[in-house]
Structures are given as structure tokens and as C-alpha cells.
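The next block is target_24.csv, given as CSV, C-alpha atoms.
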```csv
chain,number,residue,atom,x,y,z
E,552,MET,CA,6.3,-1.4,-48.3
E,553,GLN,CA,3.2,-0.2,-46.5
E,554,LYS,CA,4.1,0.9,-43.0
E,555,LYS,CA,1.9,-0.5,-40.2
E,556,PHE,CA,2.9,1.9,-37.5
E,557,LYS,CA,4.5,5.3,-36.9
E,558,LEU,CA,6.5,6.8,-34.0
E,559,THR,CA,4.4,9.4,-32.2
E,560,ASP,CA,5.7,12.6,-30.6
E,561,GLU,CA,5.0,11.0,-27.2
E,562,THR,CA,8.4,10.1,-25.7
E,563,MET,CA,9.9,8.8,-22.6
E,564,ILE,CA,13.5,8.5,-21.4
E,565,PHE,CA,14.6,5.0,-20.4
E,566,ASP,CA,18.2,4.4,-19.3
E,567,GLY,CA,19.4,7.5,-21.2
E,568,ARG,CA,17.5,6.5,-24.4
E,569,THR,CA,14.6,8.3,-26.0
E,570,LEU,CA,11.7,5.9,-26.6
E,571,HIS,CA,8.7,6.7,-28.8
E,572,ARG,CA,5.2,5.5,-28.3
E,573,ILE,CA,4.0,3.7,-31.5
E,574,GLU,CA,0.6,4.1,-33.2
E,575,ALA,CA,-0.9,1.6,-35.7
E,576,LEU,CA,-1.5,3.0,-39.2
E,577,ILE,CA,-3.4,0.0,-40.4
E,578,ALA,CA,-5.4,-2.8,-38.9
E,579,PHE,CA,-3.7,-6.2,-38.5
E,580,GLY,CA,-4.3,-9.1,-36.2
E,581,ASN,CA,-6.2,-7.7,-33.2
E,582,VAL,CA,-4.7,-4.2,-33.6
E,583,LEU,CA,-6.8,-1.5,-35.1
E,584,ALA,CA,-5.6,1.5,-37.1
E,585,GLY,CA,-5.1,4.3,-34.5
E,586,ASP,CA,-4.4,2.0,-31.6
E,587,LYS,CA,-1.5,3.2,-29.5
E,588,GLY,CA,1.2,0.6,-28.7
E,589,GLY,CA,4.2,0.4,-26.4
E,590,TRP,CA,7.6,2.1,-26.8
E,591,VAL,CA,10.4,1.7,-29.3
E,592,GLU,CA,13.7,3.5,-29.7
E,593,SER,CA,13.4,3.5,-33.5
E,594,GLU,CA,11.5,1.8,-36.4
E,595,LYS,CA,14.3,-0.8,-36.7
E,596,ASN,CA,13.0,-2.3,-33.4
E,597,LEU,CA,9.6,-3.4,-34.8
E,598,SER,CA,8.9,-5.0,-38.2
E,599,HIS,CA,6.4,-3.5,-40.5
E,600,TYR,CA,5.6,-7.0,-41.7
E,601,GLY,CA,3.6,-9.7,-40.0
E,602,LEU,CA,1.6,-9.4,-36.8
E,603,ALA,CA,4.5,-8.2,-34.6
E,604,TRP,CA,3.5,-5.6,-32.1
E,605,VAL,CA,4.5,-3.9,-28.8
E,606,PHE,CA,1.6,-3.5,-26.4
E,607,ASP,CA,1.0,-1.7,-23.2
E,608,ASN,CA,4.2,-0.4,-21.6
E,609,GLY,CA,6.4,-2.8,-23.5
E,610,GLN,CA,9.8,-1.4,-24.5
E,611,VAL,CA,12.1,-2.4,-27.3
E,612,PHE,CA,15.5,-0.6,-27.7
E,613,ASP,CA,19.1,-0.9,-28.7
E,614,ASN,CA,19.3,-3.7,-31.4
E,615,GLY,CA,16.3,-5.5,-30.0
E,616,GLN,CA,13.8,-6.6,-32.6
E,617,VAL,CA,10.2,-7.8,-32.7
E,618,PHE,CA,9.1,-9.5,-35.9
E,619,GLY,CA,6.9,-12.3,-37.3
E,620,SER,CA,4.0,-12.6,-34.9
E,621,GLY,CA,6.2,-11.7,-31.9
E,622,ARG,CA,4.6,-9.6,-29.1
E,623,VAL,CA,6.0,-7.6,-26.2
E,624,SER,CA,3.4,-6.6,-23.6
E,625,GLY,CA,2.9,-5.6,-20.0
E,626,ASN,CA,6.2,-4.1,-18.8
E,627,GLY,CA,8.3,-6.5,-21.0
E,628,GLN,CA,11.6,-5.2,-22.4
E,629,VAL,CA,13.7,-6.3,-25.3
E,630,GLY,CA,17.1,-4.8,-25.6
E,631,GLY,CA,20.7,-5.5,-26.5
E,632,ASN,CA,20.5,-8.0,-29.4
E,633,GLY,CA,17.3,-9.6,-28.2
E,634,ARG,CA,14.8,-10.9,-30.7
E,635,VAL,CA,11.2,-11.8,-30.3
E,636,SER,CA,9.4,-13.7,-33.0
E,637,GLY,CA,6.5,-16.0,-33.5
E,638,VAL,CA,5.8,-18.5,-36.2
E,639,LEU,CA,3.4,-17.3,-38.9
E,640,LYS,CA,4.0,-20.2,-41.3
E,641,THR,CA,3.5,-23.9,-40.6
E,642,THR,CA,6.5,-24.9,-42.7
E,643,ALA,CA,9.8,-23.3,-43.5
E,644,ILE,CA,11.4,-23.1,-46.9
E,645,SER,CA,14.8,-24.9,-46.8
E,646,ILE,CA,17.3,-24.9,-49.6
E,647,PHE,CA,20.2,-27.4,-49.5
E,648,GLY,CA,23.1,-28.1,-51.8
E,649,LEU,CA,24.4,-24.6,-52.2
E,650,SER,CA,27.6,-23.4,-50.5
E,651,TYR,CA,25.4,-22.5,-47.5
E,652,ASP,CA,22.1,-24.0,-46.4
E,653,VAL,CA,19.2,-21.5,-46.5
E,654,THR,CA,16.1,-21.5,-44.3
E,655,ILE,CA,13.3,-18.9,-44.8
E,656,ILE,CA,10.6,-18.6,-42.1
E,657,ASP,CA,8.5,-15.8,-40.7
E,658,GLU,CA,10.4,-12.6,-41.4
E,659,SER,CA,13.8,-14.0,-41.3
E,660,MET,CA,16.3,-15.9,-43.4
E,661,GLN,CA,19.1,-18.0,-42.2
E,662,ILE,CA,22.1,-18.5,-44.5
E,663,GLY,CA,24.7,-20.8,-42.9
E,664,CYS,CA,24.9,-19.6,-39.3
E,665,GLU,CA,23.7,-16.0,-40.0
E,666,SER,CA,20.1,-15.3,-39.3
E,667,HIS,CA,18.6,-11.8,-40.1
E,668,THR,CA,15.3,-10.2,-41.1
E,669,PHE,CA,14.5,-9.8,-44.8
E,670,PRO,CA,15.0,-6.0,-44.7
E,671,GLU,CA,18.4,-6.6,-43.1
E,672,TRP,CA,19.5,-9.1,-45.7
E,673,ASP,CA,18.3,-6.7,-48.5
E,674,ALA,CA,20.2,-3.8,-47.0
E,675,PHE,CA,23.6,-5.5,-46.4
E,676,THR,CA,26.5,-4.1,-48.3
E,677,ASP,CA,29.3,-6.1,-49.8
E,678,ARG,CA,31.4,-5.1,-46.8
E,679,ASP,CA,28.7,-6.4,-44.4
E,680,ILE,CA,28.7,-9.7,-46.2
E,681,LEU,CA,32.5,-9.9,-46.2
E,682,THR,CA,32.5,-9.7,-42.4
E,683,MET,CA,30.2,-12.7,-42.1
E,684,ASP,CA,32.5,-15.3,-43.9
E,685,GLY,CA,34.9,-13.5,-46.2
E,686,LYS,CA,35.0,-13.9,-49.9
E,687,THR,CA,33.0,-17.2,-49.9
E,688,ALA,CA,30.0,-15.4,-48.4
E,689,LEU,CA,30.3,-12.5,-50.8
E,690,THR,CA,30.5,-14.8,-53.8
E,691,PHE,CA,27.5,-16.7,-52.6
E,692,TRP,CA,25.5,-13.6,-51.9
E,693,ARG,CA,26.2,-12.0,-55.2
E,694,ALA,CA,25.2,-15.2,-57.0
E,695,HIS,CA,22.0,-15.9,-55.0
E,696,LYS,CA,20.7,-12.6,-53.5
E,697,SER,CA,18.2,-11.8,-56.3
E,698,GLY,CA,16.8,-15.4,-56.4
E,699,LEU,CA,16.5,-15.5,-52.6
E,700,MET,CA,14.8,-12.1,-52.4
E,701,ALA,CA,12.4,-13.2,-55.3
E,702,ILE,CA,11.4,-16.3,-53.2
E,703,ILE,CA,10.7,-14.0,-50.2
E,704,ALA,CA,8.6,-11.6,-52.4
E,705,ALA,CA,6.6,-14.5,-53.8
E,706,GLU,CA,6.0,-16.0,-50.4
E,707,ARG,CA,4.8,-12.6,-49.0
E,708,SER,CA,2.4,-12.1,-51.9
E,709,SER,CA,0.8,-15.6,-51.5
```
Go through the file and emit its structure as C-alpha cells.
Amino acid sequence: MQKKFKLTDETMIFDGRTLHRIEALIAFGNVLAGDKGGWVESEKNLSHYGLAWVFDNGQVFDNGQVFGSGRVSGNGQVGGNGRVSGVLKTTAISIFGLSYDVTIIDESMQIGCESHTFPEWDAFTDRDILTMDGKTALTFWRAHKSGLMAIIAAERSS
């Protein structure tokens, strides 16, 4: 994975949290390499994929996430479990007939009622999956993870 931004040494304290200004490492959308962005608590708050970006004095913290073509700008704030996304694709990939329905769009995949970003799905441990829906979820994930992640990789390369 090529990173599209880095956390700079420029920081600010917001509500007891240390936020870092971001800087673009590559050009994408209307962002140029070297452009300074807004503020994030950690890299988990902003996807390295897609056109997502935090502009101006926008702030993303806690478990807040910006992905797809989502944007936070002005003095906008995304925190808690807030998620900001925009649609990059005109159609979703939907898979029916398995133990759980699957929908893949933007930078996220929904399996049953669980929706997470691709990196989150890829990083989930067996224990994480068990907490979602017990052994049924774990059996499903073990059987279909490699195929689903291959579909995502193919979509990203097209």
C-alpha cells in the first residue's frame, strides 16, 4: 500500500487529545503532494485509499473515519464512531446466497449487518469475528475471506 499522507510534527491539543496536521505524500483528486491538510489523531482516522481528505481546520479523532471520497473541511469535526464517505463507484458489488449477504462499495464491505473498511476486515482476528455473530460468523469468514479480499484487490486494480 502506498501511503498518501503522513502525520507532521505540527500538533494541537483538542479535548485532551493530540491531533497531528496531515501532509499529502502524493497527488490525488485536487490535492497536490506537499499540501497540508487538517488534523487527525492517528492514521486510522483517514484512509490511504480513494480521494478522502481532511482540509483546512477539519478534525478527525477517536474512532472517527474518513474514507472513499469523503471530505471534512472548514471547522468540521468527526469523532466518536462517526464515518464520512463518498461514493466513488456508480455500482456496488453484491453477493447473495451465502450465509450472509455481502456488499462491497467504496472502501468498505458490509457482511450481514457489519460494515467496515477493507483494512479493518483484513486485520480482524478470529476473536474479533467471533464477537460479531459467534461461530457462524467465524466459519463464514474462514471460508470466504480470501475470495472476498481477492475481489477487493481486483476492483482496486481496475
Exercise. Would you work out the distance separating CA of Val635 in chain E from CA of Thr676 in chain E, expressed in Å to one decimal?
Key: 24.8 Å
Quick one: residues within 9 Å of Thr562 in chain E, only C-alpha atoms counted, chain neighbours fewer than 6 positions away excluded, as a compact mmCIF listing (two decimals) with C-alpha atoms, in the frame of the given file?
```txt
# COMPACT_ATOMS: atom_id res chain seq x y z
CA THR E 569 14.60 8.30 -26.00
CA LEU E 570 11.70 5.90 -26.60
CA HIS E 571 8.70 6.70 -28.80
CA ARG E 572 5.20 5.50 -28.30
CA TRP E 590 7.60 2.10 -26.80
```
Quiz prompt | Separation of CA of Thr668 in chain E from CA of Gly619 in chain E, in Å and rounded to one decimal | solution = 9.5 Å
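Counting all atoms listed in the file, the residue from E:Glu665, E:Glu706, E:Glu592, E:Asp652 that sits nearest to Gln628 in chain E is E:Glu592.
Taking CA of Ala578 in chain E and CA of Glu671 in chain E as the two end points, the separation is 24.5 Å.
With all atoms listed in the file as the atoms that count, the minimum distance from Ala694 in chain E to the choices E:Tyr651, E:Phe556, E:Phe606, E:Phe618 is reached by E:Tyr651.
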Quiz item: Between E:Val617, E:Ile655, E:Leu558, E:Ile702, which one has atoms that come closest to Gly588 in chain E, using only C-alpha atoms?
Solution: E:Leu558
Practice problem: Using only C-alpha atoms, find the one residue out of E:Ser650, E:Gln553, E:Asn632, E:Asn608 that sits nearest to Ile573 in chain E. | Solution: E:Asn608
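Residues surrounding Asp677 in chain E within 10 Å are Leu681, Thr682, Gly685, Lys686, Ala688, Leu689, Thr690, Trp692 and Arg693 of chain E [all atoms listed in the file; sequence separation below 4 positions excluded].
With distances taken over all atoms listed in the file, E:Thr559 is the one residue among E:Thr654, E:Asn614, E:Thr559, E:Ser598 lying closest to Asp586 in chain E.
Of the listed residues (E:Cys664, E:Gly631, E:Asp673, E:Gly648), E:Asp673 comes nearest to Ser697 in chain E; the distances count all atoms listed in the file.
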Please complete range 674-688 of chain E so it has N, CA, C and O atoms, and hand it over as a tab-separated table (two decimals), in the frame of the given file.
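Generated file (part-v7.tsv):
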```tsv
chain	number	residue	atom	x	y	z
E	674	ALA	N	19.44	-5.02	-47.20
E	674	ALA	CA	20.20	-3.80	-47.00
E	674	ALA	C	21.73	-4.03	-46.86
E	674	ALA	O	22.52	-3.08	-46.92
E	675	PHE	N	22.14	-5.27	-46.63
E	675	PHE	CA	23.60	-5.50	-46.40
E	675	PHE	C	24.40	-5.10	-47.58
E	675	PHE	O	24.07	-5.35	-48.73
E	676	THR	N	25.51	-4.45	-47.28
E	676	THR	CA	26.50	-4.10	-48.30
E	676	THR	C	27.47	-5.21	-48.51
E	676	THR	O	27.52	-6.15	-47.71
E	677	ASP	N	28.28	-5.10	-49.55
E	677	ASP	CA	29.30	-6.10	-49.80
E	677	ASP	C	30.24	-6.20	-48.55
E	677	ASP	O	30.63	-7.29	-48.15
E	678	ARG	N	30.54	-5.08	-47.96
E	678	ARG	CA	31.40	-5.10	-46.80
E	678	ARG	C	30.77	-5.84	-45.62
E	678	ARG	O	31.44	-6.60	-44.92
E	679	ASP	N	29.44	-5.65	-45.42
E	679	ASP	CA	28.70	-6.40	-44.40
E	679	ASP	C	28.85	-7.89	-44.60
E	679	ASP	O	29.12	-8.66	-43.67
E	680	ILE	N	28.62	-8.31	-45.83
E	680	ILE	CA	28.70	-9.70	-46.20
E	680	ILE	C	30.08	-10.29	-45.98
E	680	ILE	O	30.27	-11.39	-45.47
E	681	LEU	N	31.08	-9.51	-46.38
E	681	LEU	CA	32.50	-9.90	-46.20
E	681	LEU	C	32.80	-10.25	-44.75
E	681	LEU	O	33.54	-11.19	-44.45
E	682	THR	N	32.25	-9.47	-43.83
E	682	THR	CA	32.50	-9.70	-42.40
E	682	THR	C	31.90	-10.97	-41.88
E	682	THR	O	32.29	-11.47	-40.83
E	683	MET	N	30.93	-11.50	-42.61
E	683	MET	CA	30.20	-12.70	-42.10
E	683	MET	C	31.09	-13.95	-42.37
E	683	MET	O	31.18	-14.81	-41.50
E	684	ASP	N	31.68	-14.10	-43.56
E	684	ASP	CA	32.50	-15.30	-43.90
E	684	ASP	C	33.41	-15.04	-45.03
E	684	ASP	O	33.66	-15.94	-45.84
E	685	GLY	N	33.87	-13.81	-45.16
E	685	GLY	CA	34.90	-13.50	-46.20
E	685	GLY	C	34.35	-13.60	-47.60
E	685	GLY	O	33.16	-13.45	-47.89
E	686	LYS	N	35.27	-13.87	-48.51
E	686	LYS	CA	35.00	-13.90	-49.90
E	686	LYS	C	33.97	-14.99	-50.31
E	686	LYS	O	33.20	-14.83	-51.25
E	687	THR	N	33.99	-16.09	-49.59
E	687	THR	CA	33.00	-17.20	-49.90
E	687	THR	C	31.61	-16.67	-49.71
E	687	THR	O	30.75	-16.92	-50.56
E	688	ALA	N	31.37	-15.95	-48.62
E	688	ALA	CA	30.00	-15.40	-48.40
E	688	ALA	C	29.65	-14.38	-49.43
E	688	ALA	O	28.52	-14.37	-49.92
```
